[in-house]
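What follows is a short report on a single structure.
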Amino acid sequence: MIHYDQETYKPEQNESVLDCLLRHGIAPPHSCRSGICQTCMMRAVKGNPTPVSQKGLKETLISQNYFLACSCIPQEDMEIALPDTQLFRKTTKVIDKALLSPNVLRLRLAAPDDYRYFAGQHTAIFKNKFLGRSYSLASVPGIDHFLEFHIRLLPDGQVSQWLQHEVHAGYSITISEPIGNCIYLDRYLERPLALIATGTGLAPLIGIARDALHKGHQGEIRIYHGVRTRHDLYLHDTLLKLSEQHSNVRYIPCVSRESVALPFHKGRANEIALNDIGNFAGWCVYLCGNPDMVNTTKRSVFLAGASLQDIHADAFIHSP
Amino acid sequence: MSKSLYEKIGGEAAVNAAVDIFYRKVLADDRINRYFEGVDMERQAAKQKAFLTFAFGGPNKYSGKDMRDGHAHLVKNGLNDSHFDAVMENLGATLKELNVPGELIAEAAAIAESVRNDVLGR
Ligand code: HEM
């Protein structure tokens, strides 16, 4: 049986998930119908997709049970969803709140039971049933017993202002299922990682860096944090300490709008990283933050030799 | 039975090896890169894989009509023979870089060439 969007469908023998849905008048996005174009990608929430239906997908997707509906002949009951849908919500308690800089708030929540996530993923935090905003997890499962978020405080931010002014330790808060593909891969252990963030794009990347180190990462890790002024380097001390504790970690604070002297670097984080690394062949690149930065840098590091398989990105869109 | 072009070139592994090289060439090619911009890079890369699988004679269900429909929005934006030739050039250069023998390159080029009129909406 296939469970999709509150309904149940019975596939015929040797019928693919896509064909079964189409036969019932449901048309998820699709194109080639031969397992190549990846337009019909879906996610198995329960049950396992067949290996054939995961051929050619990025490993970050395979590890989260994404599959191609056109080439999956289900072998067991499956509950499936379109990519990017967040199926469940959980309510949990606020543990702690602290300002990391004048406009970044650190929020820690108790990790709900069975809340499984990968460092670097994001979840929605809800002010009420209908109003939620997406925030990246900065914590690491297996190390931190809490969920940590770095909330950028927007003057007109409906959720961020509420978190800053009305939410206190002990408060109940609802969050969604975590999703996102900007996650560490175990096969990267020996590879160099370039983590490039602007603003609170640092949240998922500090998670990925700590996750990598926790898993025994041996390759170099360079963390570029791009901000406007030195006051915006909201994890400066934490990252300095991390780089002192681990000889393979380098932290490069990049300030674009004021003159600075070393150890600060003057300029945009992505440009500094491109100059610094030059040839990206063999590098695994993670990009988070400003959408323009993320999109132009994806392209630049790809043209500079990084493989598409090894470029992971999460663009942050700030809405009020 | 003799091996198909797709098998001779190296199947799915060859497509995977070719996609980075081919897509890098396309993005760096000012004659055509504007057609490939604005769409999510990962989605684009999957489509380039579809293109390469097609050109290698690999398993696919694309019809001439699919090619026509799939490129119609590009034809509206001025897609013509010169752009088609540029794609062919990048395909050839990619296969050469992967040390694919000349006669196989010619076969792949012939397959891609066979849909010229469909791609260009004629
Ligand atoms: C040489 C013959 C060509 C073949 C066999 C071919 C084949 C394909 C295939 C199989 C797809 C994927 C369709 C899908 O399932 O969504 C595709 C998409 C695409 N092709 Fe081609 N193509 C050719 C020429 C060209 C040329 C000359 C251009 C432009 C310079 C071009 C630009 C594109 C673009 C931009 C897409 C993605 C469209 C989208 O985002 O939906 N193609 N092509």
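How things are named: the first chain in the structure tokens is A, the next is B, and so on; residues count from 1 in each chain; ligands count from 1 in the order shown.
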Which residues of chain A sit at most 6 Å from chain B, using only C-alpha atoms? Give each one's shortest atom pair and distance in Å (one decimal place), in chain and ascending residue order, as JSON lines.
```
{"residue": "A:Ser34", "atom": "CA", "partner": "B:Asn60", "partner_atom": "CA", "distance": 5.6}
{"residue": "A:Ile36", "atom": "CA", "partner": "B:Ala50", "partner_atom": "CA", "distance": 5.5}
{"residue": "A:Cys37", "atom": "CA", "partner": "B:Ala46", "partner_atom": "CA", "distance": 5.2}
{"residue": "A:Leu303", "atom": "CA", "partner": "B:Arg24", "partner_atom": "CA", "distance": 5.9}
```
Find the spatial neighbours of range 249-255 of chain A, counting only C-alpha atoms, within a cut-off of 7 Å - ignore same-chain residues fewer than 4 positions away - and output them as a ChimeraX atom specification. /A:220-230,239-240,243,264-269
Kindly provide the residues of chain A that approach ligand 1 to within 10 Å, each paired with its closest atom pair and their distance in Å to one decimal, based on only C-alpha atoms and all ligand atoms, listed by chain and increasing number, as a tab-separated table.
```
residue	atom	partner	partner_atom_place_in_ligand_line	distance
A:His30	CA	ligand 1	15 (O)	8.0
A:Ser31	CA	ligand 1	15 (O)	4.7
A:Cys32	CA	ligand 1	15 (O)	4.6
A:Arg33	CA	ligand 1	15 (O)	8.3
A:Ser34	CA	ligand 1	15 (O)	9.4
A:Gly35	CA	ligand 1	15 (O)	9.9
A:Ile36	CA	ligand 1	15 (O)	7.8
A:Cys37	CA	ligand 1	15 (O)	5.1
A:Gln38	CA	ligand 1	15 (O)	8.2
A:Thr39	CA	ligand 1	16 (O)	7.2
```
Save the residues we just selected, C-alpha atoms, as a PDB file, in the first residue's frame?
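So out_2.pdb came out as:
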```
ATOM      1  CA  HIS A  30       7.499  14.219 -13.227  1.00  0.00           C
ATOM      2  CA  SER A  31       9.148  14.160 -16.633  1.00  0.00           C
ATOM      3  CA  CYS A  32      11.375  11.405 -18.068  1.00  0.00           C
ATOM      4  CA  ARG A  33       9.721   8.456 -16.294  1.00  0.00           C
ATOM      5  CA  SER A  34      12.935   6.482 -16.602  1.00  0.00           C
ATOM      6  CA  GLY A  35      14.811   7.350 -13.443  1.00  0.00           C
ATOM      7  CA  ILE A  36      17.102   9.994 -14.891  1.00  0.00           C
ATOM      8  CA  CYS A  37      15.739  13.513 -14.707  1.00  0.00           C
ATOM      9  CA  GLN A  38      14.932  13.350 -10.943  1.00  0.00           C
ATOM     10  CA  THR A  39      11.836  15.512 -11.374  1.00  0.00           C
TER      11      THR A  39
END
```
So that I can check the secondary structure, give me every residue of chain B assigned alpha helix (DSSP H) by backbone DSSP, as a compact mmCIF listing (two decimals) with N, CA, C and O atoms, in the first residue's frame.
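Just written: part-v6.txt:
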```txt
# COMPACT_ATOMS: atom_id res chain seq x y z
N LEU B 5 26.04 1.44 -27.76
CA LEU B 5 26.94 2.58 -27.54
C LEU B 5 27.03 2.90 -26.05
O LEU B 5 28.11 3.12 -25.50
N TYR B 6 25.86 2.90 -25.41
CA TYR B 6 25.79 3.22 -23.98
C TYR B 6 26.72 2.30 -23.18
O TYR B 6 27.48 2.74 -22.33
N GLU B 7 26.66 0.99 -23.48
CA GLU B 7 27.53 0.04 -22.78
C GLU B 7 28.99 0.28 -23.12
O GLU B 7 29.86 0.22 -22.26
N LYS B 8 29.26 0.52 -24.40
CA LYS B 8 30.65 0.71 -24.83
C LYS B 8 31.27 1.94 -24.17
O LYS B 8 32.43 1.94 -23.77
N ILE B 9 30.47 3.00 -24.03
CA ILE B 9 31.01 4.21 -23.41
C ILE B 9 31.21 4.02 -21.91
O ILE B 9 32.08 4.64 -21.30
N GLY B 11 28.23 3.22 -19.67
CA GLY B 11 26.97 3.25 -18.94
C GLY B 11 26.84 4.39 -17.96
O GLY B 11 27.37 5.49 -18.16
N GLU B 12 26.15 4.09 -16.86
CA GLU B 12 25.83 5.10 -15.88
C GLU B 12 27.08 5.77 -15.29
O GLU B 12 27.12 6.97 -15.04
N ALA B 13 28.13 4.95 -15.12
CA ALA B 13 29.37 5.50 -14.56
C ALA B 13 29.95 6.57 -15.49
O ALA B 13 30.48 7.59 -15.04
N ALA B 14 29.82 6.33 -16.80
CA ALA B 14 30.33 7.31 -17.76
C ALA B 14 29.51 8.59 -17.70
O ALA B 14 30.06 9.70 -17.78
N VAL B 15 28.20 8.43 -17.53
CA VAL B 15 27.34 9.62 -17.42
C VAL B 15 27.76 10.42 -16.19
O VAL B 15 27.92 11.65 -16.24
N ASN B 16 27.98 9.71 -15.08
CA ASN B 16 28.37 10.40 -13.85
C ASN B 16 29.72 11.11 -14.00
O ASN B 16 29.92 12.20 -13.48
N ALA B 17 30.64 10.46 -14.71
CA ALA B 17 31.95 11.08 -14.89
C ALA B 17 31.84 12.28 -15.81
O ALA B 17 32.56 13.27 -15.67
N ALA B 18 30.93 12.20 -16.78
CA ALA B 18 30.84 13.25 -17.80
C ALA B 18 30.08 14.48 -17.31
O ALA B 18 30.32 15.59 -17.76
N VAL B 19 29.17 14.29 -16.35
CA VAL B 19 28.24 15.39 -16.08
C VAL B 19 28.93 16.63 -15.51
O VAL B 19 28.67 17.76 -15.95
N ASP B 20 29.86 16.43 -14.59
CA ASP B 20 30.58 17.59 -14.04
C ASP B 20 31.34 18.33 -15.13
O ASP B 20 31.31 19.55 -15.21
N ILE B 21 32.03 17.56 -15.95
CA ILE B 21 32.87 18.17 -16.98
C ILE B 21 32.00 18.91 -18.00
O ILE B 21 32.25 20.07 -18.34
N PHE B 22 30.94 18.23 -18.45
CA PHE B 22 30.07 18.82 -19.46
C PHE B 22 29.38 20.08 -18.93
O PHE B 22 29.40 21.14 -19.56
N TYR B 23 28.84 19.98 -17.72
CA TYR B 23 28.09 21.10 -17.17
C TYR B 23 29.02 22.28 -16.88
O TYR B 23 28.64 23.44 -17.05
N ARG B 24 30.25 21.97 -16.49
CA ARG B 24 31.21 23.05 -16.24
C ARG B 24 31.51 23.79 -17.56
O ARG B 24 31.60 25.00 -17.60
N LYS B 25 31.63 23.02 -18.63
CA LYS B 25 31.88 23.65 -19.93
C LYS B 25 30.71 24.52 -20.36
O LYS B 25 30.88 25.63 -20.85
N VAL B 26 29.50 24.00 -20.16
CA VAL B 26 28.31 24.73 -20.57
C VAL B 26 28.19 26.05 -19.79
O VAL B 26 27.93 27.11 -20.37
N LEU B 27 28.41 25.97 -18.48
CA LEU B 27 28.28 27.18 -17.66
C LEU B 27 29.34 28.21 -17.99
O LEU B 27 29.15 29.40 -17.80
N ALA B 28 30.50 27.73 -18.47
CA ALA B 28 31.58 28.65 -18.78
C ALA B 28 31.48 29.17 -20.22
O ALA B 28 32.29 30.00 -20.63
N MET B 41 20.90 24.59 -9.54
CA MET B 41 22.00 23.86 -10.18
C MET B 41 21.86 22.35 -10.10
O MET B 41 22.26 21.64 -11.01
N GLU B 42 21.31 21.86 -8.99
CA GLU B 42 21.20 20.41 -8.87
C GLU B 42 20.17 19.84 -9.82
O GLU B 42 20.37 18.80 -10.43
N ARG B 43 19.05 20.55 -9.94
CA ARG B 43 18.02 20.14 -10.90
C ARG B 43 18.61 20.17 -12.31
O ARG B 43 18.40 19.29 -13.11
N GLN B 44 19.35 21.25 -12.59
CA GLN B 44 19.98 21.39 -13.90
C GLN B 44 20.91 20.21 -14.16
O GLN B 44 20.92 19.65 -15.24
N ALA B 45 21.71 19.86 -13.16
CA ALA B 45 22.68 18.78 -13.36
C ALA B 45 21.97 17.48 -13.67
O ALA B 45 22.41 16.70 -14.52
N ALA B 46 20.82 17.25 -13.00
CA ALA B 46 20.05 16.03 -13.29
C ALA B 46 19.59 16.05 -14.75
O ALA B 46 19.61 15.03 -15.44
N LYS B 47 19.21 17.23 -15.23
CA LYS B 47 18.77 17.33 -16.63
C LYS B 47 19.93 17.11 -17.59
O LYS B 47 19.76 16.57 -18.67
N GLN B 48 21.11 17.58 -17.18
CA GLN B 48 22.27 17.34 -18.04
C GLN B 48 22.58 15.85 -18.10
O GLN B 48 23.02 15.33 -19.12
N LYS B 49 22.35 15.17 -16.98
CA LYS B 49 22.52 13.71 -16.99
C LYS B 49 21.53 13.08 -17.96
O LYS B 49 21.87 12.14 -18.67
N ALA B 50 20.31 13.60 -17.95
CA ALA B 50 19.30 13.07 -18.87
C ALA B 50 19.76 13.28 -20.31
O ALA B 50 19.66 12.39 -21.16
N PHE B 51 20.32 14.46 -20.56
CA PHE B 51 20.84 14.77 -21.90
C PHE B 51 21.93 13.78 -22.29
O PHE B 51 21.92 13.22 -23.39
N LEU B 52 22.90 13.57 -21.38
CA LEU B 52 24.03 12.69 -21.70
C LEU B 52 23.56 11.24 -21.90
O LEU B 52 24.00 10.57 -22.83
N THR B 53 22.64 10.79 -21.04
CA THR B 53 22.13 9.43 -21.20
C THR B 53 21.48 9.27 -22.57
O THR B 53 21.68 8.28 -23.26
N PHE B 54 20.74 10.30 -22.95
CA PHE B 54 20.10 10.29 -24.27
C PHE B 54 21.15 10.21 -25.38
O PHE B 54 21.08 9.36 -26.27
N ALA B 55 22.15 11.08 -25.29
CA ALA B 55 23.17 11.13 -26.35
C ALA B 55 23.98 9.84 -26.41
O ALA B 55 24.48 9.47 -27.47
N GLY B 64 10.54 12.49 -29.63
CA GLY B 64 10.81 13.75 -30.32
C GLY B 64 9.92 14.86 -29.78
O GLY B 64 10.35 15.98 -29.58
N LYS B 65 8.67 14.48 -29.47
CA LYS B 65 7.74 15.48 -28.96
C LYS B 65 8.18 16.00 -27.59
O LYS B 65 8.08 17.19 -27.30
N ASP B 66 8.71 15.08 -26.77
CA ASP B 66 9.22 15.52 -25.46
C ASP B 66 10.34 16.54 -25.64
O ASP B 66 10.44 17.52 -24.92
N MET B 67 11.22 16.27 -26.62
CA MET B 67 12.35 17.19 -26.87
C MET B 67 11.81 18.56 -27.31
O MET B 67 12.30 19.60 -26.92
N ARG B 68 10.79 18.49 -28.16
CA ARG B 68 10.16 19.71 -28.67
C ARG B 68 9.56 20.50 -27.50
O ARG B 68 9.85 21.67 -27.30
N ASP B 69 8.75 19.82 -26.70
CA ASP B 69 8.08 20.50 -25.58
C ASP B 69 9.10 20.99 -24.55
O ASP B 69 8.98 22.09 -24.02
N GLY B 70 10.09 20.16 -24.29
CA GLY B 70 11.07 20.47 -23.25
C GLY B 70 11.92 21.68 -23.56
O GLY B 70 12.46 22.33 -22.67
N HIS B 71 12.08 21.99 -24.85
CA HIS B 71 12.93 23.13 -25.23
C HIS B 71 12.14 24.31 -25.80
O HIS B 71 12.73 25.31 -26.19
N ALA B 72 10.82 24.16 -25.84
CA ALA B 72 10.00 25.20 -26.47
C ALA B 72 10.21 26.57 -25.82
O ALA B 72 10.30 27.59 -26.51
N HIS B 73 10.34 26.57 -24.48
CA HIS B 73 10.51 27.87 -23.81
C HIS B 73 11.86 28.49 -24.16
O HIS B 73 12.03 29.70 -24.12
N LEU B 74 12.83 27.65 -24.54
CA LEU B 74 14.14 28.19 -24.93
C LEU B 74 14.09 28.73 -26.36
O LEU B 74 14.71 29.74 -26.68
N VAL B 75 13.33 28.03 -27.22
CA VAL B 75 13.19 28.49 -28.60
C VAL B 75 12.54 29.88 -28.60
O VAL B 75 12.93 30.77 -29.35
N LYS B 76 11.56 30.05 -27.72
CA LYS B 76 10.92 31.37 -27.57
C LYS B 76 11.95 32.43 -27.22
O LYS B 76 11.81 33.59 -27.56
N ASP B 81 20.37 27.34 -34.28
CA ASP B 81 21.42 26.39 -34.65
C ASP B 81 22.76 26.68 -34.00
O ASP B 81 23.50 25.77 -33.66
N SER B 82 23.07 27.97 -33.84
CA SER B 82 24.39 28.29 -33.30
C SER B 82 24.50 27.77 -31.86
O SER B 82 25.55 27.30 -31.44
N HIS B 83 23.40 27.84 -31.11
CA HIS B 83 23.42 27.32 -29.74
C HIS B 83 23.50 25.80 -29.74
O HIS B 83 24.19 25.20 -28.94
N PHE B 84 22.77 25.22 -30.68
CA PHE B 84 22.82 23.77 -30.80
C PHE B 84 24.24 23.31 -31.11
O PHE B 84 24.76 22.37 -30.50
N ASP B 85 24.88 24.01 -32.03
CA ASP B 85 26.26 23.66 -32.38
C ASP B 85 27.19 23.78 -31.18
O ASP B 85 28.09 22.97 -30.99
N ALA B 86 26.95 24.80 -30.35
CA ALA B 86 27.80 25.00 -29.18
C ALA B 86 27.66 23.82 -28.21
O ALA B 86 28.64 23.34 -27.64
N VAL B 87 26.40 23.35 -28.04
CA VAL B 87 26.19 22.20 -27.16
C VAL B 87 26.91 20.97 -27.72
O VAL B 87 27.57 20.22 -27.00
N MET B 88 26.82 20.79 -29.03
CA MET B 88 27.49 19.65 -29.68
C MET B 88 29.00 19.72 -29.46
O MET B 88 29.66 18.71 -29.21
N GLU B 89 29.52 20.92 -29.56
CA GLU B 89 30.96 21.13 -29.38
C GLU B 89 31.37 20.75 -27.95
O GLU B 89 32.36 20.06 -27.73
N ASN B 90 30.58 21.21 -26.98
CA ASN B 90 30.88 20.89 -25.58
C ASN B 90 30.77 19.40 -25.30
O ASN B 90 31.55 18.85 -24.53
N LEU B 91 29.80 18.76 -25.95
CA LEU B 91 29.65 17.32 -25.79
C LEU B 91 30.90 16.60 -26.31
O LEU B 91 31.48 15.75 -25.64
N GLY B 92 31.32 16.99 -27.51
CA GLY B 92 32.50 16.36 -28.12
C GLY B 92 33.75 16.57 -27.25
O GLY B 92 34.50 15.63 -26.98
N ALA B 93 33.92 17.81 -26.78
CA ALA B 93 35.11 18.12 -25.99
C ALA B 93 35.10 17.34 -24.67
O ALA B 93 36.16 16.89 -24.19
N THR B 94 33.91 17.16 -24.09
CA THR B 94 33.80 16.41 -22.83
C THR B 94 34.25 14.96 -23.04
O THR B 94 35.03 14.42 -22.26
N LEU B 95 33.74 14.35 -24.11
CA LEU B 95 34.06 12.94 -24.35
C LEU B 95 35.54 12.75 -24.68
O LEU B 95 36.17 11.78 -24.27
N LYS B 96 36.08 13.73 -25.37
CA LYS B 96 37.50 13.69 -25.70
C LYS B 96 38.32 13.72 -24.41
O LYS B 96 39.27 12.96 -24.24
N GLU B 97 37.93 14.62 -23.52
CA GLU B 97 38.63 14.76 -22.25
C GLU B 97 38.58 13.46 -21.45
O GLU B 97 39.49 13.15 -20.69
N GLY B 102 37.31 8.14 -30.80
CA GLY B 102 36.66 9.00 -31.78
C GLY B 102 35.41 8.42 -32.41
O GLY B 102 34.41 9.12 -32.58
N GLU B 103 35.42 7.11 -32.72
CA GLU B 103 34.23 6.57 -33.42
C GLU B 103 33.01 6.54 -32.50
O GLU B 103 31.88 6.72 -32.93
N LEU B 104 33.25 6.39 -31.18
CA LEU B 104 32.11 6.42 -30.26
C LEU B 104 31.60 7.85 -30.10
O LEU B 104 30.40 8.09 -29.98
N ILE B 105 32.53 8.80 -30.09
CA ILE B 105 32.12 10.21 -30.02
C ILE B 105 31.23 10.55 -31.20
O ILE B 105 30.19 11.19 -31.07
N ALA B 106 31.62 10.04 -32.37
CA ALA B 106 30.84 10.31 -33.57
C ALA B 106 29.44 9.72 -33.45
O ALA B 106 28.44 10.33 -33.84
N GLU B 107 29.35 8.52 -32.86
CA GLU B 107 28.02 7.89 -32.69
C GLU B 107 27.14 8.73 -31.78
O GLU B 107 25.94 8.92 -32.04
N ALA B 108 27.73 9.19 -30.66
CA ALA B 108 26.96 10.00 -29.71
C ALA B 108 26.51 11.29 -30.38
O ALA B 108 25.36 11.72 -30.24
N ALA B 109 27.42 11.89 -31.14
CA ALA B 109 27.08 13.14 -31.83
C ALA B 109 25.93 12.92 -32.80
O ALA B 109 25.02 13.76 -32.92
N ALA B 110 25.93 11.75 -33.46
CA ALA B 110 24.86 11.48 -34.43
C ALA B 110 23.51 11.35 -33.72
O ALA B 110 22.49 11.81 -34.23
N ILE B 111 23.51 10.73 -32.54
CA ILE B 111 22.25 10.60 -31.80
C ILE B 111 21.72 11.98 -31.42
O ILE B 111 20.55 12.30 -31.61
N ALA B 112 22.61 12.82 -30.87
CA ALA B 112 22.18 14.16 -30.46
C ALA B 112 21.71 14.95 -31.69
O ALA B 112 20.68 15.63 -31.66
N GLU B 113 22.46 14.81 -32.79
CA GLU B 113 22.14 15.52 -34.03
C GLU B 113 20.74 15.14 -34.53
O GLU B 113 20.02 15.98 -35.10
N ARG B 116 17.92 17.52 -33.65
CA ARG B 116 18.12 18.96 -33.86
C ARG B 116 16.81 19.68 -34.16
O ARG B 116 16.46 20.66 -33.51
N ASN B 117 16.05 19.14 -35.12
CA ASN B 117 14.83 19.85 -35.51
C ASN B 117 13.79 19.88 -34.40
O ASN B 117 13.05 20.86 -34.26
N ASP B 118 13.76 18.81 -33.61
CA ASP B 118 12.81 18.80 -32.49
C ASP B 118 13.22 19.82 -31.44
O ASP B 118 12.39 20.60 -30.96
N VAL B 119 14.50 19.81 -31.08
CA VAL B 119 14.97 20.74 -30.04
C VAL B 119 14.74 22.18 -30.49
O VAL B 119 14.33 23.03 -29.70
```
Who sits within 10 Å of Gln54 in chain A, only C-alpha atoms, same chain under 5 positions skipped, as a PyMOL selection string: chain A and resi 35+38+41+49+59+61-63+65-69+71-72
Selection export as an mmCIF file, in the first residue's frame, atoms kept: C-alpha atoms:
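And here's part-v6.cif as it stands now:
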```cif
data_model
loop_
_atom_site.group_PDB
_atom_site.id
_atom_site.type_symbol
_atom_site.label_atom_id
_atom_site.label_comp_id
_atom_site.auth_asym_id
_atom_site.auth_seq_id
_atom_site.Cartn_x
_atom_site.Cartn_y
_atom_site.Cartn_z
ATOM 1 C CA GLY A 35 14.811 7.350 -13.443
ATOM 2 C CA GLN A 38 14.932 13.350 -10.943
ATOM 3 C CA MET A 41 11.746 12.777 -6.417
ATOM 4 C CA PRO A 49 12.403 2.716 -1.113
ATOM 5 C CA GLU A 59 24.035 10.681 -0.961
ATOM 6 C CA LEU A 61 19.219 12.516 -0.188
ATOM 7 C CA ILE A 62 19.681 8.750 -0.080
ATOM 8 C CA SER A 63 20.446 8.876 3.628
ATOM 9 C CA ASN A 65 15.106 7.981 2.139
ATOM 10 C CA TYR A 66 14.474 10.161 -0.889
ATOM 11 C CA PHE A 67 13.694 8.157 -4.038
ATOM 12 C CA LEU A 68 12.403 8.473 -7.588
ATOM 13 C CA ALA A 69 8.701 7.638 -7.789
ATOM 14 C CA SER A 71 11.420 3.783 -10.729
ATOM 15 C CA CYS A 72 10.162 2.501 -7.408
#
```
Can you tell me how far CA of Ser2 in chain B sits from CA of Val100 in chain B, in Å to one decimal? 18.0 Å
Gln6 in chain A environment, 12 Å, only C-alpha atoms, sequence neighbours closer than 5 positions dropped, as a PDB file with N, CA and C atoms, in the first residue's frame:
```pdb
ATOM      1  N   GLU A  79       4.852   5.069   3.310  1.00  0.00           N
ATOM      2  CA  GLU A  79       4.210   6.371   3.440  1.00  0.00           C
ATOM      3  C   GLU A  79       5.141   7.364   2.761  1.00  0.00           C
ATOM      4  N   ILE A  80       4.610   8.118   1.807  1.00  0.00           N
ATOM      5  CA  ILE A  80       5.483   8.979   1.012  1.00  0.00           C
ATOM      6  C   ILE A  80       5.014  10.425   1.047  1.00  0.00           C
ATOM      7  N   ALA A  81       5.963  11.325   0.760  1.00  0.00           N
ATOM      8  CA  ALA A  81       5.647  12.757   0.770  1.00  0.00           C
ATOM      9  C   ALA A  81       6.456  13.445  -0.310  1.00  0.00           C
ATOM     10  N   LEU A  87       6.206  16.905   7.787  1.00  0.00           N
ATOM     11  CA  LEU A  87       4.972  16.200   8.090  1.00  0.00           C
ATOM     12  C   LEU A  87       4.478  16.372   9.515  1.00  0.00           C
TER      13      LEU A  87
END
```
Record the distance separating CA of Thr123 in chain A and CA of Ser256 in chain A, expressed in Å with one decimal. 29.3 Å
Polymer residues at most 12 Å from Thr85 in chain A, only C-alpha atoms, same-chain spacing of 4 or more positions, as an NGL selection string: :A and (4-5 or 42-45 or 80-81 or 89 or 123-124 or 176-180)
Could you write out that same residue set with N, CA, C and O atoms as an mmCIF file, in the first residue's frame?
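Everything below was put into result22.cif:
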```
data_model
loop_
_atom_site.group_PDB
_atom_site.id
_atom_site.type_symbol
_atom_site.label_atom_id
_atom_site.label_comp_id
_atom_site.auth_asym_id
_atom_site.auth_seq_id
_atom_site.Cartn_x
_atom_site.Cartn_y
_atom_site.Cartn_z
ATOM 1 N N TYR A 4 -0.252 8.414 0.983
ATOM 2 C CA TYR A 4 0.199 9.721 0.511
ATOM 3 C C TYR A 4 -0.873 10.757 0.796
ATOM 4 O O TYR A 4 -2.040 10.548 0.432
ATOM 5 N N ASP A 5 -0.502 11.823 1.451
ATOM 6 C CA ASP A 5 -1.416 12.929 1.699
ATOM 7 C C ASP A 5 -2.764 12.464 2.264
ATOM 8 O O ASP A 5 -3.809 12.776 1.709
ATOM 9 N N MET A 42 10.642 11.938 -4.443
ATOM 10 C CA MET A 42 9.782 12.001 -3.253
ATOM 11 C C MET A 42 10.562 11.447 -2.069
ATOM 12 O O MET A 42 11.683 10.989 -2.223
ATOM 13 N N ARG A 43 9.937 11.499 -0.899
ATOM 14 C CA ARG A 43 10.622 11.012 0.294
ATOM 15 C C ARG A 43 9.763 9.949 0.968
ATOM 16 O O ARG A 43 8.553 10.114 1.094
ATOM 17 N N ALA A 44 10.391 8.836 1.334
ATOM 18 C CA ALA A 44 9.679 7.794 2.072
ATOM 19 C C ALA A 44 9.759 8.120 3.554
ATOM 20 O O ALA A 44 10.840 8.193 4.123
ATOM 21 N N VAL A 45 8.597 8.340 4.136
ATOM 22 C CA VAL A 45 8.551 8.677 5.551
ATOM 23 C C VAL A 45 8.512 7.393 6.362
ATOM 24 O O VAL A 45 9.088 7.283 7.430
ATOM 25 N N ILE A 80 4.610 8.118 1.807
ATOM 26 C CA ILE A 80 5.483 8.979 1.012
ATOM 27 C C ILE A 80 5.014 10.425 1.047
ATOM 28 O O ILE A 80 3.856 10.709 1.332
ATOM 29 N N ALA A 81 5.963 11.325 0.760
ATOM 30 C CA ALA A 81 5.647 12.757 0.770
ATOM 31 C C ALA A 81 6.456 13.445 -0.310
ATOM 32 O O ALA A 81 7.489 12.941 -0.737
ATOM 33 N N ARG A 89 4.556 17.797 13.653
ATOM 34 C CA ARG A 89 4.990 18.863 14.552
ATOM 35 C C ARG A 89 5.109 18.289 15.951
ATOM 36 O O ARG A 89 4.396 17.344 16.291
ATOM 37 N N THR A 123 14.285 23.441 10.739
ATOM 38 C CA THR A 123 12.932 23.116 11.166
ATOM 39 C C THR A 123 12.152 24.420 11.239
ATOM 40 O O THR A 123 12.750 25.495 11.231
ATOM 41 N N ALA A 124 10.828 24.325 11.281
ATOM 42 C CA ALA A 124 10.040 25.544 11.464
ATOM 43 C C ALA A 124 9.724 25.699 12.944
ATOM 44 O O ALA A 124 9.452 24.716 13.628
ATOM 45 N N SER A 176 8.533 21.838 13.743
ATOM 46 C CA SER A 176 8.144 20.841 12.741
ATOM 47 C C SER A 176 9.193 19.741 12.637
ATOM 48 O O SER A 176 10.249 19.810 13.258
ATOM 49 N N GLU A 177 8.875 18.779 11.804
ATOM 50 C CA GLU A 177 9.865 17.768 11.420
ATOM 51 C C GLU A 177 11.078 18.480 10.808
ATOM 52 O O GLU A 177 10.925 19.435 10.066
ATOM 53 N N PRO A 178 12.296 18.035 11.138
ATOM 54 C CA PRO A 178 13.474 18.649 10.534
ATOM 55 C C PRO A 178 13.663 18.154 9.100
ATOM 56 O O PRO A 178 13.420 16.980 8.826
ATOM 57 N N ILE A 179 14.059 19.034 8.202
ATOM 58 C CA ILE A 179 14.407 18.597 6.851
ATOM 59 C C ILE A 179 15.663 19.338 6.404
ATOM 60 O O ILE A 179 16.133 20.245 7.102
ATOM 61 N N GLY A 180 16.165 19.018 5.236
ATOM 62 C CA GLY A 180 17.307 19.735 4.688
ATOM 63 C C GLY A 180 18.447 18.802 4.331
ATOM 64 O O GLY A 180 18.648 17.773 4.962
#
```
Mind dumping a table of every range 158-248 of chain A residue within 12 Å of range 312-320 of chain A, with the nearest atom pair and its distance in Å to one decimal, using only C-alpha atoms, sorted by chain and rising number, as CSV?
```
residue,atom,partner,partner_atom,distance
A:Gln158,CA,A:Pro320,CA,5.8
A:Val159,CA,A:Pro320,CA,7.9
A:Ser160,CA,A:Pro320,CA,8.6
A:Gln161,CA,A:Pro320,CA,9.7
A:Trp162,CA,A:Pro320,CA,11.6
A:Ile179,CA,A:Asp314,CA,11.2
A:Gly180,CA,A:Asp314,CA,8.0
A:Asn181,CA,A:His312,CA,7.2
A:Cys182,CA,A:His312,CA,5.3
A:Ile183,CA,A:His312,CA,7.6
A:Tyr184,CA,A:His312,CA,9.2
A:Leu185,CA,A:His312,CA,10.6
A:Leu193,CA,A:His312,CA,10.9
A:Ala194,CA,A:His312,CA,10.4
A:Leu195,CA,A:His312,CA,9.7
A:Ile196,CA,A:Ala313,CA,9.5
A:Ala197,CA,A:Asp314,CA,9.8
A:Thr198,CA,A:Phe316,CA,9.6
A:Gly199,CA,A:Phe316,CA,9.7
A:Thr200,CA,A:Phe316,CA,8.8
A:Gly201,CA,A:Phe316,CA,7.3
A:Leu202,CA,A:Asp314,CA,10.9
A:Ala203,CA,A:Asp314,CA,11.2
A:Pro204,CA,A:Asp314,CA,9.0
A:Leu205,CA,A:Asp314,CA,10.1
A:Ile208,CA,A:His312,CA,11.3
```
